[in-house]
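Asks: My file is target-v4.txt. It has compact mmCIF, N, CA and C atoms:
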# COMPACT_ATOMS: atom_id res chain seq x y z
N MET A 1 134.58 136.61 169.17
CA MET A 1 133.87 136.37 167.93
C MET A 1 132.56 137.16 167.93
N LYS A 2 132.28 137.76 166.80
CA LYS A 2 131.09 138.60 166.69
C LYS A 2 129.90 137.77 166.22
N HIS A 3 128.80 137.90 166.93
CA HIS A 3 127.59 137.17 166.52
C HIS A 3 126.78 138.05 165.59
N SER A 4 126.28 137.47 164.51
CA SER A 4 125.44 138.25 163.60
C SER A 4 123.99 137.81 163.74
N LEU A 5 123.14 138.80 163.87
CA LEU A 5 121.72 138.54 164.01
C LEU A 5 121.03 138.79 162.68
N PRO A 6 119.87 138.21 162.45
CA PRO A 6 119.13 138.50 161.22
C PRO A 6 118.77 139.98 161.14
N LYS A 7 118.62 140.49 159.95
CA LYS A 7 118.35 141.91 159.75
C LYS A 7 117.06 142.36 160.44
N SER A 8 116.07 141.48 160.49
CA SER A 8 114.79 141.84 161.12
C SER A 8 114.96 142.11 162.61
N VAL A 9 115.99 141.54 163.23
CA VAL A 9 116.23 141.74 164.65
C VAL A 9 117.03 143.01 164.88
N THR A 10 118.00 143.29 163.99
CA THR A 10 118.90 144.42 164.20
C THR A 10 118.30 145.75 163.76
N THR A 11 117.38 145.77 162.82
CA THR A 11 116.79 147.03 162.37
C THR A 11 115.55 147.34 163.20
N ARG A 12 115.34 148.61 163.43
CA ARG A 12 114.23 149.04 164.27
C ARG A 12 113.17 149.71 163.39
N ALA A 13 111.92 149.37 163.59
CA ALA A 13 110.83 149.97 162.81
C ALA A 13 110.63 151.42 163.24
N SER A 14 110.21 152.26 162.31
CA SER A 14 109.97 153.66 162.63
C SER A 14 108.72 153.80 163.50
N LYS A 15 108.71 154.87 164.29
CA LYS A 15 107.57 155.08 165.19
C LYS A 15 106.34 155.48 164.39
N ARG A 16 105.20 154.92 164.75
CA ARG A 16 103.94 155.28 164.11
C ARG A 16 103.31 156.36 164.96
N LEU A 17 103.31 157.58 164.41
CA LEU A 17 102.86 158.74 165.18
C LEU A 17 101.36 158.74 165.41
N GLY A 18 100.98 159.16 166.59
CA GLY A 18 99.56 159.33 166.90
C GLY A 18 98.77 158.05 166.97
N ARG A 19 99.39 156.97 167.39
CA ARG A 19 98.68 155.69 167.47
C ARG A 19 98.61 155.20 168.93
N GLY A 20 98.34 156.11 169.82
CA GLY A 20 98.18 155.73 171.23
C GLY A 20 99.43 155.99 172.04
N VAL A 21 99.25 156.04 173.36
CA VAL A 21 100.35 156.37 174.27
C VAL A 21 101.45 155.32 174.20
N GLY A 22 101.11 154.08 174.04
CA GLY A 22 102.10 153.00 174.04
C GLY A 22 102.98 152.98 172.80
N SER A 23 102.65 153.74 171.77
CA SER A 23 103.43 153.71 170.54
C SER A 23 104.74 154.48 170.66
N GLY A 24 104.90 155.26 171.74
CA GLY A 24 106.13 156.02 171.92
C GLY A 24 106.01 157.45 171.44
N LYS A 25 105.12 157.74 170.55
CA LYS A 25 104.90 159.10 170.06
C LYS A 25 103.41 159.26 169.82
N GLY A 26 102.66 159.13 170.86
CA GLY A 26 101.21 159.19 170.69
C GLY A 26 100.57 159.97 171.81
N GLY A 27 99.28 159.96 171.87
CA GLY A 27 98.56 160.71 172.88
C GLY A 27 98.61 162.20 172.58
N HIS A 28 97.68 162.90 173.05
CA HIS A 28 97.48 164.35 172.92
C HIS A 28 97.93 164.93 171.56
N THR A 29 99.12 165.54 171.45
CA THR A 29 99.47 166.22 170.19
C THR A 29 100.38 165.40 169.28
N ALA A 30 100.93 164.33 169.76
CA ALA A 30 101.75 163.40 168.97
C ALA A 30 102.88 164.09 168.23
N GLY A 31 103.60 164.95 168.92
CA GLY A 31 104.79 165.58 168.34
C GLY A 31 104.54 166.70 167.38
N ARG A 32 103.27 167.18 167.27
CA ARG A 32 102.97 168.26 166.33
C ARG A 32 102.88 169.61 167.01
N GLY A 33 103.19 169.68 168.27
CA GLY A 33 103.08 170.95 168.97
C GLY A 33 101.62 171.24 169.30
N THR A 34 101.35 172.45 169.74
CA THR A 34 99.97 172.79 170.05
C THR A 34 99.32 173.49 168.87
N LYS A 35 98.06 173.80 169.03
CA LYS A 35 97.19 174.37 168.00
C LYS A 35 97.88 175.09 166.84
N GLY A 36 97.16 175.18 165.76
CA GLY A 36 97.64 175.94 164.60
C GLY A 36 97.59 175.11 163.34
N GLN A 37 97.99 175.78 162.24
CA GLN A 37 97.90 175.14 160.93
C GLN A 37 98.79 173.90 160.85
N GLY A 38 100.00 173.98 161.40
CA GLY A 38 100.93 172.86 161.34
C GLY A 38 100.47 171.66 162.14
N ALA A 39 99.65 171.89 163.16
CA ALA A 39 99.16 170.79 163.97
C ALA A 39 97.98 170.09 163.31
N ARG A 40 97.29 170.79 162.43
CA ARG A 40 96.07 170.24 161.86
C ARG A 40 96.28 169.51 160.52
N ASN A 41 97.16 170.04 159.67
CA ASN A 41 97.38 169.38 158.37
C ASN A 41 98.78 169.66 157.86
N LYS A 42 99.12 169.05 156.75
CA LYS A 42 100.45 169.24 156.19
C LYS A 42 100.49 170.52 155.37
N ILE A 43 101.60 171.21 155.43
CA ILE A 43 101.79 172.45 154.68
C ILE A 43 102.83 172.17 153.61
N GLY A 44 102.59 172.66 152.41
CA GLY A 44 103.54 172.48 151.32
C GLY A 44 104.89 173.10 151.63
N ILE A 45 105.94 172.58 151.05
CA ILE A 45 107.29 173.05 151.31
C ILE A 45 107.45 174.52 150.91
N LEU A 46 106.84 174.91 149.79
CA LEU A 46 107.01 176.28 149.29
C LEU A 46 105.96 177.25 149.82
N PHE A 47 105.10 176.80 150.71
CA PHE A 47 104.05 177.67 151.23
C PHE A 47 104.65 178.75 152.12
N GLU A 48 104.28 180.02 151.86
CA GLU A 48 104.83 181.13 152.64
C GLU A 48 103.75 181.96 153.31
N GLY A 49 102.53 181.52 153.27
CA GLY A 49 101.46 182.25 153.93
C GLY A 49 101.05 183.49 153.16
N VAL A 50 100.33 184.39 153.82
CA VAL A 50 99.89 185.63 153.18
C VAL A 50 101.04 186.61 153.26
N LYS A 51 101.56 186.99 152.11
CA LYS A 51 102.72 187.88 152.08
C LYS A 51 102.48 188.99 151.06
N THR A 52 103.16 190.09 151.29
CA THR A 52 103.10 191.15 150.29
C THR A 52 104.27 191.01 149.32
N LYS A 53 105.34 190.37 149.75
CA LYS A 53 106.48 190.12 148.86
C LYS A 53 106.14 189.00 147.90
N LYS A 54 106.95 188.90 146.84
CA LYS A 54 106.79 187.78 145.91
C LYS A 54 107.24 186.50 146.59
N SER A 55 106.68 185.41 146.19
CA SER A 55 107.10 184.13 146.75
C SER A 55 108.49 183.78 146.23
N LEU A 56 109.09 182.79 146.82
CA LEU A 56 110.45 182.39 146.46
C LEU A 56 110.55 182.03 144.98
N LEU A 57 109.58 181.31 144.46
CA LEU A 57 109.62 180.91 143.06
C LEU A 57 109.57 182.09 142.12
N HIS A 58 108.83 183.14 142.51
CA HIS A 58 108.75 184.32 141.66
C HIS A 58 109.98 185.19 141.77
N ARG A 59 110.72 185.06 142.86
CA ARG A 59 111.93 185.87 143.02
C ARG A 59 113.12 185.29 142.27
N LEU A 60 113.09 184.00 141.98
CA LEU A 60 114.20 183.38 141.26
C LEU A 60 114.10 183.73 139.77
N PRO A 61 115.25 183.98 139.12
CA PRO A 61 115.20 184.30 137.69
C PRO A 61 114.85 183.08 136.86
N MET A 62 114.17 183.31 135.74
CA MET A 62 113.83 182.21 134.84
C MET A 62 115.05 181.88 134.01
N LEU A 63 115.28 180.63 133.80
CA LEU A 63 116.42 180.23 132.99
C LEU A 63 116.02 180.29 131.52
N PRO A 64 116.82 180.92 130.68
CA PRO A 64 116.45 181.02 129.26
C PRO A 64 116.55 179.67 128.56
N GLY A 65 115.52 179.31 127.84
CA GLY A 65 115.52 178.08 127.07
C GLY A 65 115.58 176.83 127.92
N LYS A 66 115.05 176.91 129.11
CA LYS A 66 115.11 175.76 130.00
C LYS A 66 114.34 174.60 129.40
N PHE A 67 114.96 173.47 129.31
CA PHE A 67 114.40 172.23 128.78
C PHE A 67 114.03 172.32 127.30
N LYS A 68 114.43 173.37 126.63
CA LYS A 68 114.10 173.49 125.21
C LYS A 68 115.30 173.10 124.35
N ASN A 69 116.48 173.61 124.71
CA ASN A 69 117.66 173.40 123.88
C ASN A 69 118.53 172.28 124.46
N LYS A 70 118.01 171.07 124.40
CA LYS A 70 118.78 169.94 124.89
C LYS A 70 119.88 169.60 123.89
N PRO A 71 121.05 169.21 124.37
CA PRO A 71 122.11 168.86 123.42
C PRO A 71 121.76 167.59 122.66
N MET A 72 122.17 167.56 121.42
CA MET A 72 121.91 166.38 120.58
C MET A 72 122.77 165.23 121.07
N PRO A 73 122.26 164.00 121.04
CA PRO A 73 123.08 162.86 121.45
C PRO A 73 124.20 162.63 120.44
N LYS A 74 125.33 162.13 120.93
CA LYS A 74 126.47 161.88 120.05
C LYS A 74 126.16 160.70 119.12
N PRO A 75 126.69 160.74 117.89
CA PRO A 75 126.43 159.64 116.97
C PRO A 75 127.13 158.36 117.43
N VAL A 76 126.65 157.24 116.93
CA VAL A 76 127.22 155.94 117.25
C VAL A 76 128.51 155.79 116.46
N SER A 77 129.61 155.45 117.13
CA SER A 77 130.90 155.27 116.47
C SER A 77 131.02 153.84 115.96
N VAL A 78 131.43 153.72 114.70
CA VAL A 78 131.64 152.41 114.09
C VAL A 78 133.06 152.38 113.54
N ARG A 79 133.84 151.39 113.95
CA ARG A 79 135.22 151.27 113.47
C ARG A 79 135.23 150.77 112.03
N LEU A 80 136.23 151.24 111.29
CA LEU A 80 136.36 150.78 109.90
C LEU A 80 136.65 149.29 109.83
N SER A 81 137.30 148.76 110.85
CA SER A 81 137.61 147.33 110.86
C SER A 81 136.33 146.48 110.91
N ALA A 82 135.21 147.06 111.36
CA ALA A 82 133.94 146.33 111.39
C ALA A 82 133.37 146.14 109.98
N LEU A 83 133.89 146.90 109.01
CA LEU A 83 133.38 146.81 107.64
C LEU A 83 134.10 145.74 106.80
N GLU A 84 135.05 145.01 107.40
CA GLU A 84 135.80 144.00 106.64
C GLU A 84 134.88 142.89 106.13
N ASP A 85 133.94 142.46 106.95
CA ASP A 85 133.02 141.39 106.55
C ASP A 85 131.68 141.94 106.06
N PHE A 86 131.62 143.25 105.78
CA PHE A 86 130.40 143.91 105.35
C PHE A 86 130.13 143.55 103.90
N LYS A 87 128.95 142.99 103.60
CA LYS A 87 128.67 142.50 102.25
C LYS A 87 128.17 143.58 101.29
N ALA A 88 127.41 144.56 101.81
CA ALA A 88 126.84 145.60 100.94
C ALA A 88 127.95 146.54 100.48
N SER A 89 127.76 147.11 99.29
CA SER A 89 128.76 148.05 98.76
C SER A 89 128.49 149.48 99.22
N GLU A 90 127.26 149.73 99.68
CA GLU A 90 126.88 151.07 100.14
C GLU A 90 126.76 151.07 101.66
N VAL A 91 127.39 152.04 102.31
CA VAL A 91 127.36 152.12 103.77
C VAL A 91 126.40 153.25 104.18
N THR A 92 125.23 152.86 104.67
CA THR A 92 124.26 153.80 105.23
C THR A 92 123.86 153.30 106.61
N GLU A 93 123.11 154.13 107.33
CA GLU A 93 122.65 153.72 108.66
C GLU A 93 121.77 152.47 108.56
N GLN A 94 120.94 152.41 107.52
CA GLN A 94 120.02 151.29 107.35
C GLN A 94 120.77 150.00 107.03
N THR A 95 121.78 150.06 106.14
CA THR A 95 122.52 148.84 105.79
C THR A 95 123.36 148.35 106.97
N LEU A 96 123.88 149.27 107.78
CA LEU A 96 124.63 148.87 108.98
C LEU A 96 123.71 148.20 109.99
N LEU A 97 122.48 148.71 110.08
CA LEU A 97 121.49 148.12 110.99
C LEU A 97 121.11 146.71 110.54
N GLU A 98 120.88 146.53 109.25
CA GLU A 98 120.51 145.23 108.71
C GLU A 98 121.63 144.21 108.88
N ALA A 99 122.89 144.68 108.83
CA ALA A 99 124.03 143.77 109.00
C ALA A 99 124.30 143.45 110.46
N GLY A 100 123.62 144.16 111.38
CA GLY A 100 123.79 143.90 112.80
C GLY A 100 125.00 144.58 113.41
N ILE A 101 125.57 145.56 112.71
CA ILE A 101 126.74 146.28 113.23
C ILE A 101 126.31 147.33 114.24
N VAL A 102 125.15 147.96 114.03
CA VAL A 102 124.64 148.96 114.97
C VAL A 102 123.23 148.55 115.42
N ARG A 103 122.79 149.16 116.53
CA ARG A 103 121.44 148.89 117.04
C ARG A 103 120.46 149.92 116.47
N SER A 104 119.20 149.75 116.80
CA SER A 104 118.15 150.59 116.22
C SER A 104 118.24 152.05 116.67
N ASP A 105 118.88 152.35 117.82
CA ASP A 105 118.98 153.74 118.25
C ASP A 105 119.91 154.55 117.35
N ALA A 106 120.69 153.87 116.51
CA ALA A 106 121.59 154.56 115.60
C ALA A 106 120.83 155.35 114.54
N LEU A 107 119.59 154.94 114.23
CA LEU A 107 118.80 155.68 113.25
C LEU A 107 118.44 157.07 113.77
N LYS A 108 118.25 157.20 115.09
CA LYS A 108 117.94 158.51 115.67
C LYS A 108 119.21 159.32 115.92
N ARG A 109 120.25 158.65 116.42
CA ARG A 109 121.47 159.35 116.81
C ARG A 109 122.41 159.62 115.66
N GLY A 110 122.37 158.79 114.63
CA GLY A 110 123.31 158.92 113.53
C GLY A 110 124.50 157.99 113.72
N VAL A 111 125.30 157.84 112.66
CA VAL A 111 126.46 156.96 112.68
C VAL A 111 127.67 157.73 112.19
N LYS A 112 128.83 157.44 112.80
CA LYS A 112 130.08 158.05 112.37
C LYS A 112 131.15 156.98 112.27
N LEU A 113 131.82 156.92 111.13
CA LEU A 113 132.89 155.95 110.94
C LEU A 113 134.18 156.51 111.53
N VAL A 114 134.88 155.69 112.30
CA VAL A 114 136.13 156.13 112.95
C VAL A 114 137.21 155.08 112.68
N GLY A 115 138.46 155.49 112.86
CA GLY A 115 139.58 154.57 112.72
C GLY A 115 140.31 154.75 111.41
N SER A 116 141.40 154.00 111.27
CA SER A 116 142.23 154.12 110.08
C SER A 116 142.65 152.74 109.56
N ALA A 117 141.75 151.78 109.62
CA ALA A 117 142.06 150.42 109.15
C ALA A 117 142.20 150.41 107.63
N ASP A 118 143.00 149.48 107.14
CA ASP A 118 143.15 149.34 105.69
C ASP A 118 141.97 148.55 105.14
N LEU A 119 141.19 149.21 104.30
CA LEU A 119 140.03 148.55 103.70
C LEU A 119 140.45 147.82 102.44
N LYS A 120 139.92 146.63 102.24
CA LYS A 120 140.24 145.84 101.05
C LYS A 120 139.17 145.99 99.98
N LYS A 121 138.06 146.65 100.33
CA LYS A 121 136.93 146.77 99.42
C LYS A 121 136.54 148.25 99.33
N ALA A 122 136.10 148.67 98.16
CA ALA A 122 135.66 150.05 97.99
C ALA A 122 134.19 150.17 98.39
N PHE A 123 133.90 151.18 99.21
CA PHE A 123 132.53 151.40 99.68
C PHE A 123 132.04 152.77 99.24
N ALA A 124 130.72 152.87 99.02
CA ALA A 124 130.07 154.15 98.81
C ALA A 124 129.49 154.56 100.16
N VAL A 125 130.16 155.48 100.84
CA VAL A 125 129.81 155.84 102.21
C VAL A 125 128.87 157.03 102.21
N LYS A 126 127.73 156.88 102.90
CA LYS A 126 126.75 157.96 103.00
C LYS A 126 126.47 158.34 104.45
N VAL A 127 127.46 158.11 105.32
CA VAL A 127 127.37 158.52 106.72
C VAL A 127 128.59 159.37 107.05
N ALA A 128 128.57 160.00 108.22
CA ALA A 128 129.69 160.85 108.63
C ALA A 128 130.92 160.00 108.91
N ALA A 129 132.10 160.60 108.74
CA ALA A 129 133.34 159.89 108.99
C ALA A 129 134.40 160.87 109.46
N THR A 130 135.34 160.39 110.29
CA THR A 130 136.44 161.24 110.74
C THR A 130 137.42 161.42 109.58
N LEU A 131 138.36 162.36 109.75
CA LEU A 131 139.32 162.63 108.68
C LEU A 131 140.16 161.41 108.34
N THR A 132 140.62 160.70 109.37
CA THR A 132 141.44 159.51 109.11
C THR A 132 140.62 158.42 108.43
N ALA A 133 139.35 158.31 108.80
CA ALA A 133 138.48 157.33 108.16
C ALA A 133 138.23 157.71 106.71
N GLN A 134 138.06 159.01 106.44
CA GLN A 134 137.85 159.47 105.06
C GLN A 134 139.06 159.16 104.19
N GLU A 135 140.26 159.36 104.73
CA GLU A 135 141.48 159.06 103.99
C GLU A 135 141.58 157.57 103.67
N ALA A 136 141.22 156.73 104.65
CA ALA A 136 141.29 155.28 104.43
C ALA A 136 140.26 154.83 103.39
N ILE A 137 139.09 155.46 103.38
CA ILE A 137 138.05 155.10 102.39
C ILE A 137 138.49 155.52 101.00
N LYS A 138 139.08 156.73 100.88
CA LYS A 138 139.56 157.19 99.57
C LYS A 138 140.74 156.36 99.08
N LYS A 139 141.58 155.91 100.01
CA LYS A 139 142.74 155.09 99.67
C LYS A 139 142.29 153.75 99.06
N ALA A 140 141.15 153.25 99.53
CA ALA A 140 140.59 151.99 98.99
C ALA A 140 139.69 152.26 97.80
N SER A 141 139.82 153.44 97.20
CA SER A 141 139.04 153.91 96.04
C SER A 141 137.53 153.88 96.29
N GLY A 142 137.14 154.27 97.51
CA GLY A 142 135.73 154.39 97.85
C GLY A 142 135.27 155.82 97.65
N THR A 143 133.96 156.05 97.78
CA THR A 143 133.41 157.39 97.59
C THR A 143 132.71 157.85 98.86
N LEU A 144 132.72 159.16 99.08
CA LEU A 144 132.06 159.78 100.22
C LEU A 144 131.00 160.74 99.72
N SER A 145 129.86 160.74 100.41
CA SER A 145 128.83 161.72 100.03
C SER A 145 128.07 162.18 101.26
Is it possible to express this structure as structure tokens?

Replies:
Amino acid sequence: MKHSLPKSVTTRASKRLGRGVGSGKGGHTAGRGTKGQGARNKIGILFEGVKTKKSLLHRLPMLPGKFKNKPMPKPVSVRLSALEDFKASEVTEQTLLEAGIVRSDALKRGVKLVGSADLKKAFAVKVAATLTAQEAIKKASGTLS
């Protein structure tokens, strides 16, 4: 049978560098080697010293439109079956938000009606819709704009 110990017993704390000989990594140079810049302070990762060549960052090509042309978020999909209990006759992002069908992020992302449910009520739709959704809206004598 395997005995399990508390985590505080099984995990080992990291060595504290330069905190005396008894710390395991202390005394004299404390694992930093002998004299020089690296022994005295920290050097940045991209530091290359005095060079005549370009630094690594300058040698890499710039990416065109970096962080400028972010893709637009996809619109919120709303099924036509969700409009069965919809009281308003006009379907806009604002009326869908007020009815609680979509959340507030839909105003930024946009709304798109999807599906092919049979509608019993005619709606004046002012949001995007798929082809099958458009056919179902027209079949129920609704309007698209």

Asks: Could you check which of A:Arg40, A:Lys87, A:Lys53, A:Lys112 is closest to Lys74 of chain A, using all atoms listed in the file?

Replies: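 Under the stated criterion, the closest residue is A:Lys112.
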
Asks: One decimal, in Å: what's the spacing between atom CA of Phe86 of chain A and atom CA of Ala99 of chain A?

Replies: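 According to the coordinates, atom CA of Phe86 of chain A and atom CA of Ala99 of chain A are separated by 7.3 Å.
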
Asks: So which bits of chain A end up alpha helix (DSSP H) when you DSSP the backbone, as a PyMOL selection string?

Replies: chain A and resi 7-10+37-40+56-59+93-98+106-109+131-139

Asks: In Å, with one decimal, what is the gap from atom CA of Ile137 of chain A to atom CA of Ser81 of chain A?

Replies: 11.5 Å

Asks: Do you have the atom C of Val127 of chain A-atom N of Leu83 of chain A distance handy?

Replies: 13.7 Å
